[in-house]
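Engineer: Sharing upload-v7.txt, compact mmCIF, C-alpha atoms and all ligand atoms:
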```txt
# COMPACT_ATOMS: atom_id res chain seq x y z
CA MET A 1433 0.00 0.00 0.00
CA SER A 1434 1.34 3.31 -0.89
CA THR A 1435 0.05 6.42 0.69
CA GLU A 1436 2.38 9.34 0.18
CA VAL A 1437 4.27 11.60 2.55
CA LEU A 1438 7.11 9.19 3.30
CA ALA A 1439 9.40 11.93 2.31
CA ALA A 1440 12.63 13.75 2.96
CA SER A 1441 13.87 17.23 2.39
CA ALA A 1442 16.20 17.45 -0.56
CA THR A 1443 19.88 17.42 0.06
CA ASP A 1444 22.42 14.88 -0.81
CA VAL A 1445 21.32 13.14 -4.00
CA GLN A 1446 23.83 10.68 -5.37
CA GLN A 1447 23.94 8.09 -8.07
CA ALA A 1448 24.78 5.04 -6.09
CA SER A 1449 24.95 1.94 -8.22
CA ALA A 1450 28.65 1.60 -7.54
CA SER A 1451 28.08 1.28 -3.82
CA ALA A 1452 25.70 -1.70 -3.94
CA PRO A 1453 27.82 -4.52 -2.55
CA ALA A 1454 26.39 -7.66 -3.99
CA GLN A 1455 25.79 -7.50 -7.68
CA SER A 1456 28.30 -9.76 -9.29
CA ALA A 1457 27.15 -13.35 -8.92
CA THR A 1458 25.75 -15.24 -11.86
CA ALA A 1459 22.05 -15.66 -12.40
CA GLU A 1460 22.05 -19.44 -11.92
CA LYS A 1461 23.18 -19.27 -8.33
CA VAL A 1462 20.65 -19.63 -5.51
CA ASN A 1463 20.13 -16.33 -3.72
CA LEU A 1464 20.11 -17.04 0.03
CA LEU A 1465 19.09 -13.49 0.95
CA GLY A 1466 15.36 -14.11 0.62
CA MET A 1467 15.10 -17.53 2.27
CA SER A 1468 13.10 -17.92 5.48
CA ARG A 1469 14.57 -20.26 8.10
CA PRO A 1470 12.46 -23.32 7.13
CA GLN A 1471 13.35 -22.73 3.48
CA MET A 1472 17.05 -22.44 4.28
CA GLU A 1473 17.01 -25.47 6.58
CA LYS A 1474 15.54 -27.52 3.74
CA PHE A 1475 18.16 -26.12 1.39
CA PHE A 1476 20.99 -27.27 3.68
CA GLU A 1477 19.40 -30.66 4.27
CA ASP A 1478 19.09 -31.13 0.50
CA LEU A 1479 22.83 -30.36 0.31
CA GLY A 1480 23.47 -33.15 2.82
CA GLU A 1481 24.35 -30.66 5.56
CA LYS A 1482 22.97 -30.23 9.09
CA LYS A 1483 20.01 -27.88 9.21
CA PHE A 1484 21.49 -25.74 12.02
CA ARG A 1485 23.76 -24.29 9.31
CA ALA A 1486 20.71 -22.30 8.20
CA GLY A 1487 20.65 -20.30 11.45
CA GLN A 1488 24.39 -19.67 11.25
CA VAL A 1489 24.25 -18.42 7.68
CA MET A 1490 21.15 -16.31 8.34
CA LYS A 1491 22.94 -14.54 11.19
CA TRP A 1492 25.86 -13.70 8.94
CA ILE A 1493 23.53 -12.36 6.27
CA HIS A 1494 20.94 -10.48 8.31
CA GLN A 1495 22.82 -9.49 11.49
CA PHE A 1496 26.36 -8.93 10.20
CA PHE A 1497 25.41 -7.95 6.62
CA VAL A 1498 28.01 -10.22 5.07
CA THR A 1499 27.74 -11.13 1.39
CA ASP A 1500 31.02 -13.03 1.05
CA PHE A 1501 30.97 -16.64 2.27
CA ALA A 1502 34.70 -16.38 3.05
CA GLU A 1503 33.81 -14.09 5.97
CA MET A 1504 31.54 -16.69 7.63
CA THR A 1505 34.21 -17.86 10.01
CA ASN A 1506 32.21 -20.41 12.01
CA ILE A 1507 31.53 -22.45 8.88
CA SER A 1508 34.05 -24.99 7.61
CA GLY A 1509 36.23 -24.03 4.67
CA LYS A 1510 34.85 -26.93 2.66
CA LEU A 1511 31.24 -25.85 3.11
CA ARG A 1512 32.12 -22.23 2.39
CA GLU A 1513 33.69 -23.30 -0.90
CA LYS A 1514 30.62 -25.32 -1.76
CA LEU A 1515 28.32 -22.39 -0.99
CA GLU A 1516 30.50 -20.03 -3.00
CA LYS A 1517 30.03 -22.26 -6.05
CA ILE A 1518 26.25 -22.59 -5.96
CA CYS A 1519 24.90 -19.67 -3.92
CA GLU A 1520 24.97 -15.93 -3.73
CA ILE A 1521 23.77 -13.24 -1.36
CA LYS A 1522 22.42 -10.60 -3.66
CA ALA A 1523 20.58 -7.43 -2.68
CA PRO A 1524 18.65 -5.42 -5.27
CA GLU A 1525 20.76 -2.87 -7.13
CA VAL A 1526 20.64 0.67 -5.75
CA VAL A 1527 20.29 3.11 -8.65
CA HIS A 1528 19.63 6.22 -6.63
CA LYS A 1529 19.84 7.26 -3.02
CA ASN A 1530 19.01 10.37 -1.10
CA TYR A 1531 20.15 10.90 2.49
CA SER A 1532 18.46 13.92 3.99
CA LYS A 1533 19.85 16.18 6.68
CA ASP A 1534 16.83 15.33 8.83
CA GLY A 1535 17.93 11.68 8.82
CA THR A 1536 15.43 10.43 6.25
CA ARG A 1537 16.93 8.04 3.72
CA LYS A 1538 15.48 7.00 0.39
CA TRP A 1539 16.59 4.45 -2.11
CA VAL A 1540 15.46 3.51 -5.60
CA PHE A 1541 16.22 -0.11 -6.43
CA ARG A 1542 16.35 -1.67 -9.87
CA VAL A 1543 14.67 -5.06 -9.79
CA GLY A 1544 14.71 -6.06 -13.44
CA ASP A 1545 15.85 -5.07 -16.90
CA GLY A 1546 13.00 -2.79 -17.97
CA GLU A 1547 13.43 0.95 -17.58
CA GLY A 1548 10.42 1.01 -15.27
CA SER A 1549 11.55 -1.89 -13.07
CA LEU A 1550 12.21 0.37 -10.13
CA VAL A 1551 10.90 0.40 -6.59
CA GLU A 1552 11.54 2.78 -3.76
CA THR A 1553 12.14 2.40 -0.06
CA VAL A 1554 12.07 5.13 2.56
CA LEU A 1555 13.52 5.22 6.06
CA ILE A 1556 12.22 7.79 8.54
CA PRO A 1557 13.88 8.32 11.92
CA ALA A 1558 11.87 9.63 14.86
CA GLU A 1559 12.18 10.19 18.58
CA ASP A 1560 9.32 9.40 20.93
CA LYS A 1561 8.77 8.35 24.53
CA THR A 1562 9.94 4.81 23.71
CA GLY A 1563 13.27 6.17 22.40
CA SER A 1564 14.68 6.42 18.89
CA ARG A 1565 12.93 4.72 16.05
CA LYS A 1566 13.96 4.08 12.48
CA THR A 1567 10.93 3.10 10.44
CA LEU A 1568 11.41 1.59 7.01
CA CYS A 1569 8.63 1.69 4.43
CA ILE A 1570 9.05 -1.32 2.13
CA SER A 1571 7.61 -1.93 -1.36
CA SER A 1572 6.03 -5.25 -2.32
CA GLN A 1573 5.33 -4.89 -6.05
CA VAL A 1574 6.68 -3.01 -9.06
CA GLY A 1575 3.82 -0.58 -9.64
CA CYS A 1576 0.32 -1.51 -8.53
CA ALA A 1577 -2.82 -2.77 -10.22
CA LEU A 1578 -5.30 -1.23 -7.82
CA ASP A 1579 -5.22 2.27 -9.28
CA CYS A 1580 -6.28 4.32 -6.28
CA SER A 1581 -7.11 7.70 -7.73
CA PHE A 1582 -4.87 9.72 -5.35
CA CYS A 1583 -1.81 7.49 -5.70
CA SER A 1584 1.30 8.14 -7.75
CA THR A 1585 2.25 4.44 -7.79
CA GLY A 1586 -1.20 3.45 -9.06
CA LYS A 1587 -0.66 5.73 -12.07
CA GLN A 1588 2.40 3.68 -13.07
CA GLY A 1589 0.35 0.50 -13.57
CA PHE A 1590 1.36 -2.97 -12.39
CA GLN A 1591 4.49 -4.71 -13.63
CA ARG A 1592 5.25 -7.60 -11.35
CA ASP A 1593 5.46 -8.92 -7.82
CA LEU A 1594 8.73 -8.55 -5.96
CA THR A 1595 10.50 -11.73 -4.90
CA GLN A 1596 11.21 -12.55 -1.25
CA ALA A 1597 14.84 -11.53 -1.78
CA GLU A 1598 13.80 -8.21 -3.31
CA ILE A 1599 11.48 -7.47 -0.39
CA ILE A 1600 13.84 -8.44 2.44
CA GLY A 1601 16.71 -6.95 0.41
CA GLN A 1602 15.23 -3.49 1.06
CA LEU A 1603 15.53 -4.06 4.82
CA TRP A 1604 18.97 -5.57 4.39
CA MET A 1605 20.20 -2.57 2.39
CA ALA A 1606 18.72 -0.02 4.81
CA ASN A 1607 20.53 -1.67 7.73
CA TYR A 1608 23.70 -2.10 5.71
CA SER A 1609 23.72 1.60 4.82
CA TYR A 1610 24.56 2.37 8.47
CA MET A 1611 27.14 -0.41 8.80
CA GLU A 1612 29.05 -0.21 5.53
CA ASP A 1613 32.19 1.14 7.19
CA VAL A 1614 31.89 -0.78 10.45
CA PRO A 1615 34.01 -3.93 10.98
CA VAL A 1616 31.88 -7.03 10.43
CA ILE A 1617 31.97 -8.24 14.01
CA GLU A 1618 30.77 -4.87 15.36
CA ARG A 1619 27.82 -4.52 13.01
CA GLU A 1620 24.29 -4.27 14.35
CA ARG A 1621 20.74 -3.81 13.11
CA SER A 1622 19.58 -0.20 12.91
CA VAL A 1623 16.03 -0.37 11.53
CA THR A 1624 13.57 -0.74 14.42
CA ASN A 1625 10.21 -0.72 12.62
CA VAL A 1626 8.92 -1.88 9.26
CA VAL A 1627 5.75 -0.88 7.47
CA MET A 1628 4.74 -2.80 4.36
CA MET A 1629 3.36 0.40 2.90
CA GLY A 1630 5.54 1.20 -0.08
CA MET A 1631 4.69 0.54 -3.72
CA GLY A 1632 2.14 -2.18 -4.36
CA GLU A 1633 -0.58 -4.01 -2.45
CA PRO A 1634 1.27 -6.47 -0.17
CA LEU A 1635 -1.67 -8.85 0.20
CA LEU A 1636 -1.67 -9.39 -3.57
CA ASN A 1637 1.91 -10.70 -3.30
CA TYR A 1638 0.97 -12.78 -0.33
CA ASP A 1639 3.49 -15.63 -0.07
CA ALA A 1640 6.56 -13.52 -0.70
CA VAL A 1641 5.44 -10.82 1.74
CA LEU A 1642 4.53 -13.41 4.39
CA ASN A 1643 7.92 -15.12 4.18
CA ALA A 1644 9.73 -11.78 4.18
CA MET A 1645 7.87 -10.78 7.35
CA ARG A 1646 8.79 -14.14 8.90
CA ILE A 1647 12.44 -13.29 8.26
CA MET A 1648 11.89 -9.90 9.92
CA LEU A 1649 10.54 -11.56 13.07
CA ASP A 1650 13.08 -14.43 13.14
CA ASP A 1651 15.65 -14.20 15.96
CA PHE A 1652 18.26 -15.64 13.60
CA ALA A 1653 17.62 -12.71 11.25
CA TYR A 1654 16.26 -9.29 12.25
CA GLY A 1655 14.48 -10.42 15.46
CA MET A 1656 11.96 -7.58 15.23
CA SER A 1657 9.07 -7.27 17.64
CA LYS A 1658 5.76 -8.34 16.07
CA ARG A 1659 4.30 -4.99 17.15
CA ARG A 1660 6.95 -3.22 15.09
CA VAL A 1661 6.11 -4.94 11.81
CA THR A 1662 2.99 -3.54 10.17
CA LEU A 1663 1.26 -4.64 7.00
CA SER A 1664 -0.83 -1.97 5.34
CA THR A 1665 -3.57 -2.97 2.92
CA SER A 1666 -6.21 -1.25 0.84
CA GLY A 1667 -8.59 -4.00 1.92
CA VAL A 1668 -8.16 -7.42 0.27
CA VAL A 1669 -10.62 -9.00 2.68
CA PRO A 1670 -10.01 -12.76 2.19
CA LYS A 1671 -6.26 -12.23 2.55
CA ILE A 1672 -6.73 -10.30 5.81
CA ASP A 1673 -8.39 -13.44 7.19
CA GLN A 1674 -5.57 -15.62 5.85
CA LEU A 1675 -2.97 -13.31 7.38
CA ALA A 1676 -4.65 -13.67 10.77
CA GLN A 1677 -4.04 -17.42 10.55
CA ASP A 1678 -0.47 -17.21 9.30
CA ILE A 1679 1.38 -14.55 11.30
CA ASP A 1680 1.01 -12.11 14.18
CA VAL A 1681 1.88 -8.63 12.93
CA ALA A 1682 0.19 -5.24 13.19
CA LEU A 1683 -2.40 -4.29 10.57
CA ALA A 1684 -3.04 -0.91 8.96
CA ILE A 1685 -5.90 -0.11 6.60
CA SER A 1686 -5.76 2.53 3.89
CA LEU A 1687 -9.29 3.76 4.42
CA HIS A 1688 -9.34 7.20 2.80
CA ALA A 1689 -13.15 7.36 2.58
CA THR A 1690 -15.96 6.80 5.03
CA ASN A 1691 -18.77 5.81 2.68
CA ASN A 1692 -18.85 3.30 -0.15
CA GLU A 1693 -19.73 5.76 -2.86
CA LEU A 1694 -16.63 7.86 -2.26
CA ARG A 1695 -14.38 4.89 -1.48
CA ASP A 1696 -15.39 3.21 -4.75
CA GLU A 1697 -13.90 6.25 -6.44
CA LEU A 1698 -10.76 6.72 -4.33
CA VAL A 1699 -9.89 3.06 -3.60
CA PRO A 1700 -11.54 1.02 -6.38
CA ILE A 1701 -10.99 -2.35 -4.66
CA ASN A 1702 -13.83 -1.17 -2.43
CA LYS A 1703 -16.25 -2.19 -5.22
CA LYS A 1704 -15.20 -5.78 -4.56
CA TYR A 1705 -14.85 -5.59 -0.79
CA PRO A 1706 -17.02 -2.75 0.51
CA LEU A 1707 -16.55 -1.03 3.85
CA GLU A 1708 -18.87 -3.31 5.85
CA GLN A 1709 -16.84 -6.36 4.78
CA LEU A 1710 -13.54 -4.58 5.41
CA ILE A 1711 -14.43 -3.44 8.93
CA ALA A 1712 -15.74 -6.93 9.77
CA ALA A 1713 -12.44 -8.44 8.55
CA CYS A 1714 -10.52 -6.01 10.78
CA GLN A 1715 -12.64 -7.05 13.76
CA ARG A 1716 -11.90 -10.71 13.00
CA TYR A 1717 -8.20 -9.88 12.66
CA ILE A 1718 -8.05 -8.39 16.13
CA GLY A 1719 -10.08 -11.30 17.49
CA LYS A 1720 -10.15 -12.40 21.08
CA ASP A 1721 -6.35 -12.58 21.47
CA GLY A 1722 -6.04 -8.86 20.91
CA ASN A 1723 -4.26 -8.05 24.13
CA GLU A 1724 -1.60 -10.73 23.84
CA SER A 1725 -0.58 -10.12 20.27
CA ALA A 1726 0.39 -7.39 17.86
CA ARG A 1727 -3.31 -6.97 17.20
CA LYS A 1728 -4.47 -4.62 19.93
CA HIS A 1729 -5.82 -2.21 17.38
CA VAL A 1730 -5.88 -1.50 13.66
CA THR A 1731 -4.23 1.65 12.33
CA ILE A 1732 -6.50 3.60 10.02
CA GLU A 1733 -4.68 5.61 7.35
CA TYR A 1734 -6.69 8.52 5.95
CA VAL A 1735 -5.24 10.84 3.32
CA MET A 1736 -6.78 14.31 3.55
CA LEU A 1737 -7.97 15.48 0.12
CA ASP A 1738 -9.15 19.06 -0.13
CA GLY A 1739 -12.91 19.27 -0.49
CA VAL A 1740 -13.19 15.53 -1.20
CA ASN A 1741 -13.09 13.55 2.04
CA ASP A 1742 -12.38 16.23 4.65
CA HIS A 1743 -15.87 17.56 5.46
CA PRO A 1744 -17.24 17.46 9.02
CA GLU A 1745 -19.80 14.89 7.86
CA HIS A 1746 -16.95 12.55 6.85
CA ALA A 1747 -15.53 12.76 10.37
CA GLN A 1748 -18.98 11.87 11.72
CA GLN A 1749 -19.24 8.93 9.30
CA MET A 1750 -15.83 7.72 10.49
CA ILE A 1751 -16.92 7.81 14.11
CA LYS A 1752 -19.88 5.56 13.25
CA LEU A 1753 -17.84 3.27 11.03
CA LEU A 1754 -15.12 2.64 13.60
CA LYS A 1755 -17.19 2.61 16.77
CA ASN A 1756 -16.77 -1.13 17.31
CA LEU A 1757 -13.22 -1.42 16.03
CA PRO A 1758 -10.24 -0.72 18.33
CA SER A 1759 -8.34 1.66 16.13
CA LYS A 1760 -5.87 4.49 15.93
CA ILE A 1761 -6.39 7.02 13.18
CA ASN A 1762 -3.57 8.60 11.24
CA LEU A 1763 -4.54 11.64 9.14
CA ILE A 1764 -2.16 12.14 6.23
CA PRO A 1765 -1.90 15.52 4.53
CA PHE A 1766 -1.92 14.74 0.79
CA ASN A 1767 1.31 15.40 -1.09
CA PRO A 1768 0.30 16.38 -4.60
CA PHE A 1769 2.26 14.81 -7.49
CA PRO A 1770 2.35 16.04 -11.10
CA HIS A 1771 -1.15 15.84 -12.68
CA ALA A 1772 -2.67 14.76 -9.36
CA PRO A 1773 -6.42 15.35 -9.50
CA TYR A 1774 -6.53 16.44 -5.85
CA GLY A 1775 -5.13 19.07 -3.55
CA ARG A 1776 -4.12 18.98 0.11
CA SER A 1777 -6.68 19.87 2.78
CA SER A 1778 -5.89 23.07 4.64
CA ARG A 1779 -4.18 22.81 8.01
CA ASN A 1780 -7.29 24.19 9.72
CA ARG A 1781 -9.49 21.61 8.08
CA ILE A 1782 -7.19 18.76 9.12
CA ILE A 1783 -6.99 20.01 12.71
CA SER A 1784 -10.76 20.39 12.92
CA PHE A 1785 -11.20 16.83 11.52
CA GLN A 1786 -8.76 15.55 14.12
CA LYS A 1787 -10.59 17.39 16.92
CA THR A 1788 -13.93 15.84 15.98
CA LEU A 1789 -12.39 12.36 16.16
CA SER A 1790 -10.43 13.05 19.35
CA ASP A 1791 -13.55 14.47 21.03
CA ALA A 1792 -15.30 11.22 20.15
CA GLY A 1793 -12.59 9.30 22.04
CA PHE A 1794 -10.33 8.17 19.19
CA VAL A 1795 -6.57 8.38 19.26
CA CYS A 1796 -6.01 10.48 16.16
CA THR A 1797 -2.68 11.82 14.95
CA ILE A 1798 -1.65 13.94 11.99
CA ARG A 1799 1.29 12.55 10.10
CA GLN A 1800 4.18 14.90 9.84
CA THR A 1801 5.10 15.58 6.25
CA ARG A 1802 8.57 16.30 5.08
CA GLY A 1803 10.07 17.26 1.76
CA ASP A 1804 7.18 18.73 -0.16
CA ASP A 1805 9.83 20.28 -2.38
CA ILE A 1806 11.07 16.97 -3.79
CA ASP A 1807 9.81 13.50 -4.67
CA ALA A 1808 7.36 13.64 -1.81
CA ALA A 1809 4.76 11.05 -2.67
CA CYS A 1810 5.57 7.37 -2.63
CA GLY A 1811 6.16 6.38 -6.23
CA GLN A 1812 7.21 9.86 -7.28
CA LEU A 1813 10.90 9.31 -6.78
CA VAL A 1814 10.70 6.23 -8.97
CA GLY A 1815 8.88 8.29 -11.56
CA GLN A 1816 11.62 10.90 -11.52
CA VAL A 1817 14.46 8.38 -11.77
CA ALA A 1818 12.66 6.55 -14.60
CA ASP A 1819 12.15 9.87 -16.40
CA ARG A 1820 15.82 10.72 -16.05
CA THR A 1821 16.82 7.25 -17.30
CA ARG A 1822 14.45 7.58 -20.23
CA ARG A 1823 15.74 11.06 -21.08
CA ALA A 1824 19.35 9.83 -20.82
CA GLU A 1825 18.54 6.93 -23.19
CA GLN A 1826 16.81 9.29 -25.63
CA TRP A 1827 19.78 11.65 -25.49
CA LYS A 1828 22.22 8.78 -26.15
CA LYS A 1829 20.14 7.67 -29.17
CA LYS A 1830 20.01 11.23 -30.49
CA VAL A 1831 23.79 11.64 -30.19
CA ALA A 1832 24.38 8.23 -31.84
CA ALA A 1833 22.06 9.21 -34.71
CA GLN A 1834 23.85 12.52 -35.18
CA ASN A 1835 27.23 10.77 -35.17
CA GLU A 1836 25.93 8.36 -37.78
CA ILE A 1837 24.85 11.25 -40.02
CA ILE A 1838 28.26 12.94 -39.60
CA ARG A 1839 30.03 9.64 -40.41
CA SER A 1840 27.85 9.01 -43.48
CA GLN A 1841 28.56 12.53 -44.74
CA GLY A 1842 32.21 11.65 -44.66
S1 LIG A 1901 -2.73 2.16 -6.06
FE1 LIG A 1901 -1.73 0.45 -4.99
S2 LIG A 1901 0.11 1.34 -4.07
FE2 LIG A 1901 -1.31 3.04 -4.54
S3 LIG A 1901 -2.53 3.37 -2.68
FE3 LIG A 1901 -3.70 1.95 -4.00
S4 LIG A 1901 -3.09 -0.10 -3.31
FE4 LIG A 1901 -1.53 1.34 -2.49
```
When written as structure tokens, how does the structure in this file appear?
Structural biologist:
Amino acid sequence: MSTEVLAASATDVQQASASAPAQSATAEKVNLLGMSRPQMEKFFEDLGEKKFRAGQVMKWIHQFFVTDFAEMTNISGKLREKLEKICEIKAPEVVHKNYSKDGTRKWVFRVGDGEGSLVETVLIPAEDKTGSRKTLCISSQVGCALDCSFCSTGKQGFQRDLTQAEIIGQLWMANYSYMEDVPVIERERSVTNVVMMGMGEPLLNYDAVLNAMRIMLDDFAYGMSKRRVTLSTSGVVPKIDQLAQDIDVALAISLHATNNELRDELVPINKKYPLEQLIAACQRYIGKDGNESARKHVTIEYVMLDGVNDHPEHAQQMIKLLKNLPSKINLIPFNPFPHAPYGRSSRNRIISFQKTLSDAGFVCTIRQTRGDDIDAACGQLVGQVADRTRRAEQWKKKVAAQNEIIRSQG
């Protein structure tokens, strides 16, 4: 799920493909980066090795950010040689990165050969009463098929699902970016929270996202708290029920409208799974174990669109809609992108909307926006990088054609 606003102020933009550490292995090798523990245990057993090797190798990959088997010093030389021959640890290629002065980091990854095979990942640091947080917003698909009318990613159409390695590779790279210059044995994990809220609808790439989240929670990998891993969906109802069976993580819903007529327009999947079904699925997700799991409440994401969904009556509709659902509401000031058909609600309007909800007893926050001046909306940075790539290609072709004419004219 992509909302917008996961943004940084513009500063240090660099072309970064040279810094990606793990690009050289051949395509036939098995990429261990994306394997969950059961998958890796099976892999080692199939090799005739003990399955505890899986935990050892996962620690090297996900806790020490090692991509060279030679550095895995608690593994025998013979096994390391074997792994070197048939495996690789390959993160997606970084084609662009932007580290802001405010601590926000953004990456664009290339995940295929096409000029549009790009996804973006954003890391936002924050301080709160629980201490320092670094929250990473991860993409699950290249583009998105759901075509929400306010979403920059939706305008790019759907290309393909990301693989497990491409999903977990975003978390790997974000952590690695802090540890690049640190000796292997002193490396540690920096990212504290993950939201599956980047490009794409994560529940439509279910198996890969599920296994990637299992790696996030695994003590042999990132060991993240289940309350710090959140999946955000536009509302694929049957998959919400499946998720409840398969894993215990926090759930966020991209609501954006409080009646079906408007939501059909803003979030078209609502035509298939209308609000009544979606809210009922959220209630089932929380279930009776709510207090013991990551499922104490559902986070409601609501992008504020000027004159569209920000009227007092919409706040009243939300109060009714959510009255039986333990929820926290996050109001998101819209970040307009080129040709966006909407504008951002005024500050006064957003505050008044928040007050109505708070007065009704809801915990309601306004998301802080950063970097309106650049690539603010999720999917926009990818659009810009793709545009630049396309323009560079067109320029190269133009120069080649001119050279050809000069050559032919002798
Ligand atoms: S179009 Fe896709 S990525 Fe964008 S908000 Fe909708 S579900 Fe999320």
Engineer: Return as a ChimeraX atom specification the residues of protein, DNA or RNA that approach ligand LIG 1901 (chain A) to within 10 Å, with only C-alpha atoms and all ligand atoms taken into account.
Structural biologist: /A:1433-1436,1571-1590,1629-1636,1664-1668,1686-1688,1698-1701,1735,1810-1811
Engineer: At a cut-off of 10 Å, using only C-alpha atoms, what residues contact stretch 1491-1503 of chain A? Leave out same-chain residues fewer than 4 positions from it and give the result as a PDB file with C-alpha atoms, in the coordinates of the input.
Structural biologist:
```
ATOM      1  CA  PRO A1453      27.820  -4.520  -2.550  1.00  0.00           C
ATOM      2  CA  ALA A1454      26.390  -7.660  -3.990  1.00  0.00           C
ATOM      3  CA  GLN A1455      25.790  -7.500  -7.680  1.00  0.00           C
ATOM      4  CA  LEU A1464      20.110 -17.040   0.030  1.00  0.00           C
ATOM      5  CA  LEU A1465      19.090 -13.490   0.950  1.00  0.00           C
ATOM      6  CA  ARG A1485      23.760 -24.290   9.310  1.00  0.00           C
ATOM      7  CA  ALA A1486      20.710 -22.300   8.200  1.00  0.00           C
ATOM      8  CA  GLY A1487      20.650 -20.300  11.450  1.00  0.00           C
ATOM      9  CA  ILE A1507      31.530 -22.450   8.880  1.00  0.00           C
ATOM     10  CA  SER A1508      34.050 -24.990   7.610  1.00  0.00           C
ATOM     11  CA  GLY A1509      36.230 -24.030   4.670  1.00  0.00           C
ATOM     12  CA  LEU A1511      31.240 -25.850   3.110  1.00  0.00           C
ATOM     13  CA  ARG A1512      32.120 -22.230   2.390  1.00  0.00           C
ATOM     14  CA  GLU A1513      33.690 -23.300  -0.900  1.00  0.00           C
ATOM     15  CA  LYS A1514      30.620 -25.320  -1.760  1.00  0.00           C
ATOM     16  CA  LEU A1515      28.320 -22.390  -0.990  1.00  0.00           C
ATOM     17  CA  GLU A1516      30.500 -20.030  -3.000  1.00  0.00           C
ATOM     18  CA  CYS A1519      24.900 -19.670  -3.920  1.00  0.00           C
ATOM     19  CA  GLU A1520      24.970 -15.930  -3.730  1.00  0.00           C
ATOM     20  CA  ILE A1521      23.770 -13.240  -1.360  1.00  0.00           C
ATOM     21  CA  LYS A1522      22.420 -10.600  -3.660  1.00  0.00           C
ATOM     22  CA  ALA A1523      20.580  -7.430  -2.680  1.00  0.00           C
ATOM     23  CA  ILE A1600      13.840  -8.440   2.440  1.00  0.00           C
ATOM     24  CA  GLY A1601      16.710  -6.950   0.410  1.00  0.00           C
ATOM     25  CA  LEU A1603      15.530  -4.060   4.820  1.00  0.00           C
ATOM     26  CA  TRP A1604      18.970  -5.570   4.390  1.00  0.00           C
ATOM     27  CA  MET A1605      20.200  -2.570   2.390  1.00  0.00           C
ATOM     28  CA  ASN A1607      20.530  -1.670   7.730  1.00  0.00           C
ATOM     29  CA  TYR A1608      23.700  -2.100   5.710  1.00  0.00           C
ATOM     30  CA  SER A1609      23.720   1.600   4.820  1.00  0.00           C
ATOM     31  CA  MET A1611      27.140  -0.410   8.800  1.00  0.00           C
ATOM     32  CA  GLU A1612      29.050  -0.210   5.530  1.00  0.00           C
ATOM     33  CA  VAL A1614      31.890  -0.780  10.450  1.00  0.00           C
ATOM     34  CA  PRO A1615      34.010  -3.930  10.980  1.00  0.00           C
ATOM     35  CA  VAL A1616      31.880  -7.030  10.430  1.00  0.00           C
ATOM     36  CA  ILE A1617      31.970  -8.240  14.010  1.00  0.00           C
ATOM     37  CA  GLU A1618      30.770  -4.870  15.360  1.00  0.00           C
ATOM     38  CA  ARG A1619      27.820  -4.520  13.010  1.00  0.00           C
ATOM     39  CA  GLU A1620      24.290  -4.270  14.350  1.00  0.00           C
ATOM     40  CA  ARG A1621      20.740  -3.810  13.110  1.00  0.00           C
ATOM     41  CA  SER A1622      19.580  -0.200  12.910  1.00  0.00           C
ATOM     42  CA  ILE A1647      12.440 -13.290   8.260  1.00  0.00           C
ATOM     43  CA  MET A1648      11.890  -9.900   9.920  1.00  0.00           C
ATOM     44  CA  ASP A1651      15.650 -14.200  15.960  1.00  0.00           C
ATOM     45  CA  PHE A1652      18.260 -15.640  13.600  1.00  0.00           C
ATOM     46  CA  ALA A1653      17.620 -12.710  11.250  1.00  0.00           C
ATOM     47  CA  TYR A1654      16.260  -9.290  12.250  1.00  0.00           C
ATOM     48  CA  GLY A1655      14.480 -10.420  15.460  1.00  0.00           C
TER      49      GLY A1655
END
```
Engineer: State, in Å with one decimal place, the distance from atom CA of A:Asn1767 to atom CA of A:Gln1800.
Structural biologist: 11.3 Å
Engineer: Could you list as a PyMOL selection string every residue that has an atom within 12 Å of (-16.6, -5.5, 0.7), using the file's coordinates and counting all atoms listed in the file?
Structural biologist: chain A and resi 1666-1670+1691-1692+1695-1696+1699-1714
Engineer: Pick out the closest residue to A:Asn1463 from this set: A:Val1554, A:Asn1506, A:Thr1595, A:Phe1541. Count only C-alpha atoms.
Structural biologist: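 Ranked by minimum distance to A:Asn1463, first place goes to A:Thr1595.
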Engineer: For atom CA of A:Ala1597 and atom CA of A:Met1467, determine how far apart the two atoms are, in Å to one decimal place.
Structural biologist: 7.2 Å
Engineer: Kindly give the distance, in Å, that separates atom CA of A:Val1623 and atom CA of A:Lys1538, rounded to a single decimal.
Structural biologist: 13.4 Å
Engineer: Go through A:Lys1561, A:Lys1566, A:Lys1482, A:Lys1517 and flag the residue nearest A:Gly1535, using all atoms listed in the file for the distances.
Structural biologist: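 Of A:Lys1561, A:Lys1566, A:Lys1482, A:Lys1517, the one nearest A:Gly1535 is A:Lys1566, counting all atoms listed in the file.
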